[in-house]
$ cat target39.cif   # mmCIF, C-alpha atoms (C1' of nucleotides)
data_model
#
loop_
_atom_site.label_atom_id
_atom_site.label_comp_id
_atom_site.auth_asym_id
_atom_site.auth_seq_id
_atom_site.Cartn_x
_atom_site.Cartn_y
_atom_site.Cartn_z
CA MET A 1 -11.96 -18.49 13.79
CA VAL A 2 -15.56 -17.76 12.97
CA ASP A 3 -17.48 -20.80 11.83
CA GLU A 4 -18.79 -21.41 8.35
CA GLN A 5 -22.52 -21.13 8.72
CA ASP A 6 -22.18 -18.08 10.91
CA ILE A 7 -21.72 -15.60 8.13
CA ALA A 8 -25.41 -15.32 7.37
CA GLU A 9 -26.16 -14.80 11.01
CA LEU A 10 -23.29 -12.39 11.55
CA LEU A 11 -24.49 -10.24 8.71
CA ARG A 12 -28.16 -10.29 9.60
CA GLU A 13 -27.42 -9.60 13.24
CA ARG A 14 -25.93 -6.32 12.26
CA GLY A 15 -28.57 -5.40 9.76
CA HIS A 16 -26.79 -6.40 6.57
CA ARG A 17 -28.21 -8.57 3.86
CA VAL A 18 -26.91 -12.00 3.03
CA THR A 19 -26.07 -11.88 -0.65
CA ARG A 20 -24.40 -14.12 -3.16
CA PRO A 21 -21.18 -12.09 -3.46
CA ARG A 22 -20.78 -11.83 0.29
CA ARG A 23 -21.29 -15.52 0.83
CA ALA A 24 -18.89 -16.39 -1.98
CA VAL A 25 -16.14 -14.05 -0.79
CA TRP A 26 -16.49 -15.36 2.72
CA ASP A 27 -16.22 -18.92 1.48
CA VAL A 28 -13.07 -18.24 -0.47
CA LEU A 29 -11.46 -16.56 2.51
CA ARG A 30 -12.30 -19.47 4.74
CA ARG A 31 -11.00 -22.06 2.33
CA ALA A 32 -7.79 -20.21 1.53
CA GLY A 33 -6.86 -19.45 5.09
CA GLY A 34 -5.66 -16.00 4.19
CA HIS A 35 -3.36 -13.77 2.21
CA LEU A 36 -5.25 -13.32 -1.00
CA THR A 37 -5.48 -10.17 -3.05
CA ALA A 38 -8.89 -8.90 -4.09
CA GLU A 39 -8.15 -10.07 -7.61
CA GLU A 40 -7.28 -13.57 -6.45
CA ILE A 41 -10.42 -13.72 -4.38
CA ALA A 42 -12.47 -12.65 -7.39
CA GLU A 43 -10.87 -15.36 -9.52
CA ARG A 44 -11.74 -18.08 -7.04
CA VAL A 45 -15.20 -16.70 -6.51
CA HIS A 46 -15.73 -17.00 -10.25
CA GLY A 47 -15.24 -20.74 -9.99
CA ASP A 48 -18.59 -20.97 -8.26
CA GLN A 49 -20.18 -17.67 -9.11
CA PRO A 50 -19.01 -16.28 -12.45
CA GLY A 51 -21.35 -13.35 -12.22
CA VAL A 52 -19.75 -11.69 -9.23
CA ASN A 53 -18.03 -8.42 -10.01
CA LEU A 54 -14.64 -7.33 -8.70
CA ALA A 55 -16.25 -4.20 -7.28
CA SER A 56 -18.53 -6.36 -5.18
CA VAL A 57 -15.57 -8.29 -3.91
CA TYR A 58 -14.05 -5.02 -2.76
CA ARG A 59 -17.33 -3.98 -1.21
CA SER A 60 -17.70 -7.28 0.60
CA LEU A 61 -14.17 -7.08 1.92
CA ALA A 62 -14.72 -3.53 3.11
CA LEU A 63 -17.84 -4.64 4.94
CA PHE A 64 -16.15 -7.63 6.55
CA SER A 65 -13.33 -5.37 7.63
CA GLU A 66 -15.77 -2.92 9.16
CA LEU A 67 -17.41 -5.75 11.07
CA SER A 68 -13.98 -6.99 12.18
CA LEU A 69 -14.50 -10.26 10.36
CA ALA A 70 -11.57 -9.79 8.01
CA ARG A 71 -8.28 -7.96 8.02
CA GLU A 72 -6.36 -6.18 5.31
CA SER A 73 -2.59 -6.12 5.21
CA ARG A 74 0.08 -4.75 2.99
CA LEU A 75 2.71 -7.43 3.01
CA GLY A 76 6.24 -6.30 2.44
CA ASP A 77 6.81 -4.46 -0.79
CA ALA A 78 3.66 -5.87 -2.38
CA GLU A 79 1.60 -3.75 -4.71
CA ALA A 80 -1.87 -4.88 -3.70
CA SER A 81 -3.45 -5.43 -0.30
CA ARG A 82 -4.01 -8.95 0.91
CA TRP A 83 -6.92 -10.20 2.96
CA GLU A 84 -7.55 -12.85 5.53
CA LEU A 85 -10.22 -13.73 8.05
CA ALA A 86 -9.84 -12.00 11.36
CA HIS A 87 -7.86 -14.22 13.63
CA PRO A 88 -8.75 -14.24 17.30
CA ASP A 89 -5.16 -14.47 18.45
CA GLU A 90 -2.64 -11.80 17.68
CA HIS A 91 -0.15 -12.78 15.07
CA PHE A 92 2.15 -11.28 12.55
CA HIS A 93 3.43 -12.06 9.09
CA LEU A 94 6.71 -13.62 8.11
CA VAL A 95 7.40 -13.13 4.42
CA CYS A 96 10.18 -15.14 2.81
CA GLN A 97 11.81 -13.23 -0.03
CA ARG A 98 13.23 -16.40 -1.53
CA CYS A 99 10.21 -18.69 -1.80
CA GLY A 100 7.49 -16.10 -1.35
CA ASP A 101 5.89 -18.03 1.46
CA VAL A 102 3.88 -16.07 4.00
CA ASP A 103 3.77 -17.54 7.45
CA HIS A 104 1.56 -16.68 10.36
CA HIS A 105 3.55 -16.30 13.47
CA VAL A 106 1.53 -16.50 16.62
CA GLY A 107 3.24 -15.40 19.76
CA THR A 108 3.40 -12.97 22.60
CA VAL A 109 5.31 -10.30 20.72
CA VAL A 110 2.31 -8.30 19.64
CA ALA A 111 0.76 -8.38 23.09
CA GLU A 112 4.08 -7.33 24.60
CA VAL A 113 4.39 -4.33 22.35
CA ARG A 114 0.86 -3.31 23.23
CA GLU A 115 1.57 -3.60 26.94
CA HIS A 116 4.86 -1.77 26.67
CA LEU A 117 3.28 1.17 24.88
CA ARG A 118 0.40 1.44 27.30
CA ARG A 119 2.48 1.32 30.44
CA GLY A 120 5.56 3.12 29.28
CA HIS A 121 4.03 5.75 27.02
CA GLY A 122 0.33 6.03 27.70
CA PHE A 123 -0.38 5.03 24.13
CA LEU A 124 -3.60 3.05 23.67
CA THR A 125 -3.01 0.59 20.89
CA ASP A 126 -5.78 -0.13 18.50
CA ASP A 127 -4.03 -2.15 15.88
CA ILE A 128 -0.55 -3.52 15.34
CA GLU A 129 0.72 -4.33 11.92
CA LEU A 130 3.99 -6.24 12.00
CA THR A 131 5.50 -7.63 8.85
CA VAL A 132 8.89 -9.26 8.81
CA THR A 133 10.71 -9.83 5.54
CA GLY A 134 13.68 -12.15 5.25
CA THR A 135 14.73 -15.70 4.46
CA CYS A 136 12.97 -18.68 6.00
CA ALA A 137 14.73 -21.69 7.49
CA ASP A 138 13.83 -23.94 4.56
CA CYS A 139 15.35 -21.62 2.02
CA ILE A 140 18.49 -21.18 4.10
CA ALA A 141 18.86 -24.94 4.26
CA ALA A 142 18.19 -25.31 0.55
CA THR A 143 20.75 -22.78 -0.59
CA GLY A 144 23.21 -23.66 2.12
CA ALA A 145 23.80 -20.37 3.87
CA MET B 1 21.81 9.89 10.07
CA VAL B 2 23.76 10.51 6.92
CA ASP B 3 25.21 13.97 6.75
CA GLU B 4 24.14 16.68 4.36
CA GLN B 5 27.09 17.05 2.07
CA ASP B 6 27.49 13.32 1.78
CA ILE B 7 24.79 12.78 -0.79
CA ALA B 8 27.00 13.78 -3.72
CA GLU B 9 29.70 11.49 -2.50
CA LEU B 10 27.34 8.64 -1.70
CA LEU B 11 25.93 8.75 -5.18
CA ARG B 12 29.23 9.09 -7.02
CA GLU B 13 30.81 6.35 -4.96
CA ARG B 14 28.28 3.94 -6.33
CA GLY B 15 28.44 5.15 -9.88
CA HIS B 16 25.37 7.38 -9.90
CA ARG B 17 25.26 10.94 -11.09
CA VAL B 18 24.60 13.87 -8.83
CA THR B 19 21.65 15.65 -10.36
CA ARG B 20 19.37 18.51 -9.43
CA PRO B 21 16.31 16.35 -8.67
CA ARG B 22 18.29 13.95 -6.51
CA ARG B 23 19.90 16.73 -4.53
CA ALA B 24 16.56 18.47 -4.05
CA VAL B 25 14.70 15.35 -2.95
CA TRP B 26 17.47 14.51 -0.53
CA ASP B 27 17.33 18.01 0.91
CA VAL B 28 13.61 17.86 1.47
CA LEU B 29 13.85 14.50 3.19
CA ARG B 30 16.57 15.77 5.46
CA ARG B 31 14.73 18.92 6.40
CA ALA B 32 11.40 17.21 6.99
CA GLY B 33 12.74 14.43 9.12
CA GLY B 34 10.47 11.92 7.51
CA HIS B 35 7.01 10.74 6.64
CA LEU B 36 6.29 12.57 3.42
CA THR B 37 4.42 11.24 0.44
CA ALA B 38 6.00 11.54 -2.98
CA GLU B 39 3.55 14.31 -3.80
CA GLU B 40 4.45 16.26 -0.68
CA ILE B 41 8.10 15.88 -1.47
CA ALA B 42 7.50 17.14 -5.00
CA GLU B 43 5.64 20.16 -3.64
CA ARG B 44 8.47 21.13 -1.35
CA VAL B 45 11.06 20.46 -4.02
CA HIS B 46 9.19 22.93 -6.21
CA GLY B 47 9.88 25.66 -3.70
CA ASP B 48 13.52 25.60 -4.76
CA GLN B 49 13.37 23.78 -8.05
CA PRO B 50 10.10 24.28 -9.89
CA GLY B 51 11.29 22.30 -12.87
CA VAL B 52 11.55 18.96 -11.14
CA ASN B 53 9.00 16.42 -12.27
CA LEU B 54 7.05 14.09 -10.01
CA ALA B 55 8.36 11.13 -11.97
CA SER B 56 11.90 12.17 -11.10
CA VAL B 57 10.95 12.39 -7.46
CA TYR B 58 9.78 8.79 -7.67
CA ARG B 59 12.93 7.78 -9.49
CA SER B 60 15.11 9.50 -6.92
CA LEU B 61 13.27 7.84 -4.07
CA ALA B 62 13.59 4.44 -5.72
CA LEU B 63 17.31 4.97 -6.08
CA PHE B 64 17.76 6.11 -2.49
CA SER B 65 15.81 3.10 -1.36
CA GLU B 66 18.00 0.80 -3.41
CA LEU B 67 21.08 2.35 -1.87
CA SER B 68 19.51 1.99 1.59
CA LEU B 69 19.54 5.73 2.07
CA ALA B 70 15.79 6.06 2.41
CA ARG B 71 12.92 3.89 3.48
CA GLU B 72 9.37 3.54 2.23
CA SER B 73 6.49 2.76 4.53
CA ARG B 74 2.79 2.31 4.26
CA LEU B 75 1.49 3.89 7.43
CA GLY B 76 -1.77 2.53 8.72
CA ASP B 77 -4.61 2.75 6.29
CA ALA B 78 -2.97 5.45 4.22
CA GLU B 79 -3.37 5.52 0.47
CA ALA B 80 0.11 6.63 -0.55
CA SER B 81 3.52 5.49 0.61
CA ARG B 82 5.52 7.73 2.87
CA TRP B 83 9.24 8.23 2.82
CA GLU B 84 11.97 9.04 5.28
CA LEU B 85 15.73 8.91 5.44
CA ALA B 86 17.11 5.57 6.52
CA HIS B 87 17.59 5.68 10.24
CA PRO B 88 20.59 3.88 11.68
CA ASP B 89 18.74 2.63 14.73
CA GLU B 90 15.77 0.39 14.45
CA HIS B 91 12.50 2.06 15.16
CA PHE B 92 8.87 1.75 14.42
CA HIS B 93 5.91 4.01 13.81
CA LEU B 94 3.23 5.06 16.21
CA VAL B 95 0.26 6.55 14.41
CA CYS B 96 -2.36 8.42 16.43
CA GLN B 97 -5.79 8.09 14.87
CA ARG B 98 -7.06 11.12 16.73
CA CYS B 99 -4.48 13.79 15.94
CA GLY B 100 -2.79 12.09 13.01
CA ASP B 101 0.61 12.46 14.57
CA VAL B 102 3.27 9.95 13.58
CA ASP B 103 5.88 9.24 16.18
CA HIS B 104 9.17 7.43 15.85
CA HIS B 105 9.58 4.96 18.59
CA VAL B 106 13.13 3.83 19.12
CA GLY B 107 13.59 0.82 21.30
CA THR B 108 14.72 -2.73 21.60
CA VAL B 109 11.52 -4.27 20.32
CA VAL B 110 12.59 -4.59 16.73
CA ALA B 111 15.95 -6.09 17.66
CA GLU B 112 14.23 -8.51 20.01
CA VAL B 113 11.88 -9.75 17.33
CA ARG B 114 14.82 -10.24 15.00
CA GLU B 115 16.72 -12.23 17.62
CA HIS B 116 13.69 -14.29 18.55
CA LEU B 117 13.05 -15.31 14.96
CA ARG B 118 16.65 -16.20 14.27
CA ARG B 119 17.15 -18.32 17.34
CA GLY B 120 13.74 -19.85 17.67
CA HIS B 121 12.82 -20.34 14.04
CA GLY B 122 15.91 -20.08 11.90
CA PHE B 123 14.39 -17.14 10.08
CA LEU B 124 16.92 -14.58 8.89
CA THR B 125 15.29 -11.19 9.13
CA ASP B 126 15.98 -8.66 6.48
CA ASP B 127 13.49 -6.00 7.30
CA ILE B 128 10.89 -5.39 9.97
CA GLU B 129 7.97 -3.12 9.38
CA LEU B 130 6.03 -2.39 12.52
CA THR B 131 3.22 0.12 12.55
CA VAL B 132 1.07 0.68 15.59
CA THR B 133 -2.22 2.54 15.29
CA GLY B 134 -4.06 3.87 18.31
CA THR B 135 -4.51 6.90 20.51
CA CYS B 136 -1.56 8.85 21.88
CA ALA B 137 -1.23 10.03 25.47
CA ASP B 138 -1.92 13.67 24.56
CA CYS B 139 -5.19 12.85 22.89
CA ILE B 140 -6.27 10.64 25.75
CA ALA B 141 -5.59 13.47 28.16
CA ALA B 142 -7.38 15.98 25.94
CA THR B 143 -10.55 13.97 25.57
CA GLY B 144 -10.44 12.63 29.09
CA ALA B 145 -10.51 8.88 28.62
"C1'" DG C 1 -43.03 -3.39 -2.19
"C1'" DT C 2 -38.97 -1.11 -0.78
"C1'" DG C 3 -34.32 -0.13 0.17
"C1'" DG C 4 -29.99 -2.17 0.29
"C1'" DC C 5 -26.84 -4.43 -2.93
"C1'" DT C 6 -25.18 -5.58 -7.39
"C1'" DG C 7 -23.07 -5.26 -12.06
"C1'" DC C 8 -21.17 -2.36 -15.14
"C1'" DA C 9 -18.42 1.30 -16.67
"C1'" DA C 10 -16.20 5.18 -15.77
"C1'" DA C 11 -13.48 7.87 -12.47
"C1'" DC C 12 -9.68 8.15 -9.29
"C1'" DA C 13 -5.20 7.99 -7.11
"C1'" DT C 14 -0.74 6.44 -7.11
"C1'" DT C 15 3.14 4.81 -9.40
"C1'" DT C 16 5.65 3.32 -13.66
"C1'" DT C 17 7.35 3.67 -18.36
"C1'" DG C 18 8.72 5.11 -23.41
"C1'" DC C 19 10.99 8.35 -25.66
"C1'" DA C 20 13.39 12.48 -27.25
"C1'" DT C 21 16.26 15.86 -25.06
"C1'" DA C 22 19.23 17.75 -21.48
"C1'" DA C 23 23.15 17.60 -18.45
"C1'" DC C 24 26.53 15.06 -15.49
"C1'" DT C 25 31.07 13.20 -15.77
"C1'" DA D 1 31.68 12.92 -26.31
"C1'" DG D 2 29.26 9.51 -24.22
"C1'" DT D 3 25.66 7.93 -21.69
"C1'" DT D 4 22.88 8.43 -17.68
"C1'" DA D 5 19.01 10.88 -15.99
"C1'" DT D 6 15.30 14.04 -16.93
"C1'" DG D 7 10.71 16.03 -18.40
"C1'" DC D 8 6.63 15.10 -20.36
"C1'" DA D 9 2.75 12.44 -21.49
"C1'" DA D 10 0.70 8.28 -21.61
"C1'" DA D 11 0.00 3.70 -19.56
"C1'" DA D 12 -0.47 0.58 -15.84
"C1'" DT D 13 -2.18 -0.74 -11.45
"C1'" DG D 14 -5.25 -0.98 -7.61
"C1'" DT D 15 -9.36 0.74 -5.73
"C1'" DT D 16 -13.66 3.55 -5.50
"C1'" DT D 17 -18.00 5.46 -7.13
"C1'" DG D 18 -22.49 6.80 -9.78
"C1'" DC D 19 -26.29 4.85 -11.38
"C1'" DA D 20 -30.07 1.90 -13.15
"C1'" DG D 21 -31.93 -2.47 -12.16
"C1'" DC D 22 -32.25 -6.64 -9.04
"C1'" DC D 23 -33.04 -9.28 -5.03
"C1'" DA D 24 -33.13 -10.14 -0.03
"C1'" DC D 25 -36.09 -8.91 3.44
#

$ encode --input "target39.cif" --output "structure tokens"
Amino acid sequence: MVDEQDIAELLRERGHRVTRPRRAVWDVLRRAGGHLTAEEIAERVHGDQPGVNLASVYRSLALFSELSLARESRLGDAEASRWELAHPDEHFHLVCQRCGDVDHHVGTVVAEVREHLRRGHGFLTDDIELTVTGTCADCIAATGA
Amino acid sequence: MVDEQDIAELLRERGHRVTRPRRAVWDVLRRAGGHLTAEEIAERVHGDQPGVNLASVYRSLALFSELSLARESRLGDAEASRWELAHPDEHFHLVCQRCGDVDHHVGTVVAEVREHLRRGHGFLTDDIELTVTGTCADCIAATGA
DNA sequence: GTGGCTGCAAACATTTTGCATAACT
DNA sequence: AGTTATGCAAAATGTTTGCAGCCAC
């Protein structure tokens, strides 16, 4: 994970300005650890910085995404996109339909798919989006089945 | 794949009426083999049935989805959802960024993930959405890299 | 000082909904 | 005949954009 104070540097390095909205959005993403909609991010940003507009949140997220600092995903049947900081290791999302919990699952699966496609099919993978919907162990235990 | 004349039966069996929009949407999905947006479906439906409204296309798709006859997916970065008939075997989508082609990849990967999650984590998978973006073999050959 | 970035409001694209009418069963 | 589904138009939702002014450099 990219460290806190790096954001200013990361932006400047690539010729982008370090602004209030960008810093605030970055902060929220770091604190939350992921899976927020743009609207949720805006809400939290407003705790510190009430003046920041939703459009700027979207623009910050788009920039972070372009710089590979954040990642957008469409979890399950959800209406809005959700955002998280770019994770160095490949992972996928486990969405529990019962409790709504979204888990990060880190493992070899994603890497295996990538390898399989390259070797077996000559397909050069750029990005893998894997979202699994179902019922988590806790909820199965709770409802007894 | 579900057979053509079945749609009337499938609907009636479950207490739904067999209507012009539903038949037309079903027909388009069958003929296309998948990956159409609601708008594209509406366009093609209009070839045969100009009177069918876009809202009815959406309502038909929602019904088919509920009956597990069709599946919605958000491919890659795309704006609109795309639809295809429910496929009996588990597959995932390979989207080429270069030529835009969307390939169905049938294999054991999806089943393996399901098994892995059940055994290793007690997670009962309901649905797996796997979308891989990258460059296909043809495009690599064409551009020489 | 200058150009990139912001806030605001308005536009956009996709999908959903209320309601009177049409049409399946 | 009864009631489900439709067409139409309008609303809702999520996201993007044009533009005048502001602020990081």

$ resolve_selection --input "target39.cif" --expression "the PyMOL selection byres ((chain B and resi 97) around 8)" --output "list in words"
Val95, Cys96, Arg98, Cys99, Gly100, Asp101, Thr133, Gly134 and Thr135 of chain B

$ write_last_selection --input "target39.cif" --atoms "C-alpha atoms" --output "mmCIF file, keeping the file's coordinate frame"
data_model
loop_
_atom_site.group_PDB
_atom_site.id
_atom_site.type_symbol
_atom_site.label_atom_id
_atom_site.label_comp_id
_atom_site.auth_asym_id
_atom_site.auth_seq_id
_atom_site.Cartn_x
_atom_site.Cartn_y
_atom_site.Cartn_z
ATOM 1 C CA VAL B 95 0.260 6.550 14.410
ATOM 2 C CA CYS B 96 -2.360 8.420 16.430
ATOM 3 C CA ARG B 98 -7.060 11.120 16.730
ATOM 4 C CA CYS B 99 -4.480 13.790 15.940
ATOM 5 C CA GLY B 100 -2.790 12.090 13.010
ATOM 6 C CA ASP B 101 0.610 12.460 14.570
ATOM 7 C CA THR B 133 -2.220 2.540 15.290
ATOM 8 C CA GLY B 134 -4.060 3.870 18.310
ATOM 9 C CA THR B 135 -4.510 6.900 20.510
#

$ closest_residue --input "target39.cif" --among "B:Ala42, B:Leu75, B:Leu54, B:Val25" --to "D:DG7" --atoms "all atoms listed in the file"
B:Leu54

$ resolve_selection --input "target39.cif" --expression "the PyMOL selection byres ((chain B) within 6 of (chain A))" --output "list in words"
Gly122, Phe123, Leu124, Thr125, Asp126, Asp127, Ile128, Glu129, Leu130, Thr131, Val132, Thr133, Gly134, Thr135, Cys136 and Ala137 of chain B

$ resolve_selection --input "target39.cif" --expression "the PyMOL selection byres ((chain B) within 10 of (chain C))" --output "VMD selection string"
chain B and resid 12 16 to 20 38 to 39 55 58 to 59 79 to 81

$ residues_around --input "target39.cif" --residues "A:Leu29" --least-positions-apart "5" --cutoff "9 Å" --atoms "only C-alpha atoms (C1' of nucleotides)" --output "ChimeraX atom specification"
/A:24,34-36,41,70,83-85

$ axis_aligned_box --input "target39.cif" --around "stretch 45-61 of chain B" --padding-each-side "4 Å" --output "AutoDock Vina command-line options"
--center_x 11.1 --center_y 16.7 --center_z -8.3 --size_x 16.1 --size_y 25.9 --size_z 17.2

$ closest_residue --input "target39.cif" --among "D:DA24, D:DC19, D:DA11, D:DA5" --to "chain B" --atoms "only C-alpha atoms (C1' of nucleotides)"
D:DA5

$ build_atoms --input "target39.cif" --residues "stretch 64-86 of chain A" --atoms "N, CA and C atoms" --output "PDB file, in the coordinates of the input"
ATOM      1  N   PHE A  64     -16.695  -6.667   5.591  1.00  0.00           N
ATOM      2  CA  PHE A  64     -16.150  -7.630   6.550  1.00  0.00           C
ATOM      3  C   PHE A  64     -15.127  -6.949   7.458  1.00  0.00           C
ATOM      4  N   SER A  65     -14.341  -6.089   6.866  1.00  0.00           N
ATOM      5  CA  SER A  65     -13.330  -5.370   7.630  1.00  0.00           C
ATOM      6  C   SER A  65     -13.987  -4.476   8.675  1.00  0.00           C
ATOM      7  N   GLU A  66     -15.030  -3.806   8.275  1.00  0.00           N
ATOM      8  CA  GLU A  66     -15.770  -2.920   9.160  1.00  0.00           C
ATOM      9  C   GLU A  66     -16.369  -3.696  10.327  1.00  0.00           C
ATOM     10  N   LEU A  67     -16.811  -4.906  10.034  1.00  0.00           N
ATOM     11  CA  LEU A  67     -17.410  -5.750  11.070  1.00  0.00           C
ATOM     12  C   LEU A  67     -16.354  -6.558  11.820  1.00  0.00           C
ATOM     13  N   SER A  68     -15.094  -6.272  11.532  1.00  0.00           N
ATOM     14  CA  SER A  68     -13.980  -6.990  12.180  1.00  0.00           C
ATOM     15  C   SER A  68     -14.001  -8.486  11.901  1.00  0.00           C
ATOM     16  N   LEU A  69     -14.482  -8.846  10.738  1.00  0.00           N
ATOM     17  CA  LEU A  69     -14.500 -10.260  10.360  1.00  0.00           C
ATOM     18  C   LEU A  69     -13.321 -10.589   9.471  1.00  0.00           C
ATOM     19  N   ALA A  70     -12.731  -9.567   8.869  1.00  0.00           N
ATOM     20  CA  ALA A  70     -11.570  -9.790   8.010  1.00  0.00           C
ATOM     21  C   ALA A  70     -10.567  -8.671   8.249  1.00  0.00           C
ATOM     22  N   ARG A  71      -9.354  -8.914   7.788  1.00  0.00           N
ATOM     23  CA  ARG A  71      -8.280  -7.960   8.020  1.00  0.00           C
ATOM     24  C   ARG A  71      -7.484  -7.759   6.732  1.00  0.00           C
ATOM     25  N   GLU A  72      -7.136  -6.509   6.485  1.00  0.00           N
ATOM     26  CA  GLU A  72      -6.360  -6.180   5.310  1.00  0.00           C
ATOM     27  C   GLU A  72      -4.914  -5.990   5.733  1.00  0.00           C
ATOM     28  N   SER A  73      -3.982  -6.494   4.935  1.00  0.00           N
ATOM     29  CA  SER A  73      -2.590  -6.120   5.210  1.00  0.00           C
ATOM     30  C   SER A  73      -1.803  -5.904   3.951  1.00  0.00           C
ATOM     31  N   ARG A  74      -0.852  -5.049   4.080  1.00  0.00           N
ATOM     32  CA  ARG A  74       0.080  -4.750   2.990  1.00  0.00           C
ATOM     33  C   ARG A  74       1.363  -5.478   3.298  1.00  0.00           C
ATOM     34  N   LEU A  75       1.538  -6.621   2.688  1.00  0.00           N
ATOM     35  CA  LEU A  75       2.710  -7.430   3.010  1.00  0.00           C
ATOM     36  C   LEU A  75       3.931  -6.972   2.251  1.00  0.00           C
ATOM     37  N   GLY A  76       4.953  -6.652   3.028  1.00  0.00           N
ATOM     38  CA  GLY A  76       6.240  -6.300   2.440  1.00  0.00           C
ATOM     39  C   GLY A  76       6.135  -5.204   1.404  1.00  0.00           C
ATOM     40  N   ASP A  77       6.739  -5.455   0.275  1.00  0.00           N
ATOM     41  CA  ASP A  77       6.810  -4.460  -0.790  1.00  0.00           C
ATOM     42  C   ASP A  77       5.642  -4.621  -1.760  1.00  0.00           C
ATOM     43  N   ALA A  78       4.707  -5.495  -1.428  1.00  0.00           N
ATOM     44  CA  ALA A  78       3.660  -5.870  -2.380  1.00  0.00           C
ATOM     45  C   ALA A  78       2.858  -4.665  -2.859  1.00  0.00           C
ATOM     46  N   GLU A  79       2.385  -4.785  -4.078  1.00  0.00           N
ATOM     47  CA  GLU A  79       1.600  -3.750  -4.710  1.00  0.00           C
ATOM     48  C   GLU A  79       0.194  -3.698  -4.104  1.00  0.00           C
ATOM     49  N   ALA A  80      -0.469  -4.844  -4.110  1.00  0.00           N
ATOM     50  CA  ALA A  80      -1.870  -4.880  -3.700  1.00  0.00           C
ATOM     51  C   ALA A  80      -2.022  -5.364  -2.249  1.00  0.00           C
ATOM     52  N   SER A  81      -3.125  -4.975  -1.647  1.00  0.00           N
ATOM     53  CA  SER A  81      -3.450  -5.430  -0.300  1.00  0.00           C
ATOM     54  C   SER A  81      -3.818  -6.901  -0.323  1.00  0.00           C
ATOM     55  N   ARG A  82      -3.607  -7.557   0.786  1.00  0.00           N
ATOM     56  CA  ARG A  82      -4.010  -8.950   0.910  1.00  0.00           C
ATOM     57  C   ARG A  82      -4.967  -9.075   2.094  1.00  0.00           C
ATOM     58  N   TRP A  83      -5.842 -10.067   1.980  1.00  0.00           N
ATOM     59  CA  TRP A  83      -6.920 -10.200   2.960  1.00  0.00           C
ATOM     60  C   TRP A  83      -6.934 -11.562   3.600  1.00  0.00           C
ATOM     61  N   GLU A  84      -7.379 -11.588   4.829  1.00  0.00           N
ATOM     62  CA  GLU A  84      -7.550 -12.850   5.530  1.00  0.00           C
ATOM     63  C   GLU A  84      -8.675 -12.684   6.547  1.00  0.00           C
ATOM     64  N   LEU A  85      -9.203 -13.803   6.999  1.00  0.00           N
ATOM     65  CA  LEU A  85     -10.220 -13.730   8.050  1.00  0.00           C
ATOM     66  C   LEU A  85      -9.579 -13.203   9.312  1.00  0.00           C
ATOM     67  N   ALA A  86     -10.346 -12.493  10.089  1.00  0.00           N
ATOM     68  CA  ALA A  86      -9.840 -12.000  11.360  1.00  0.00           C
ATOM     69  C   ALA A  86      -9.508 -13.186  12.248  1.00  0.00           C
TER      70      ALA A  86
END
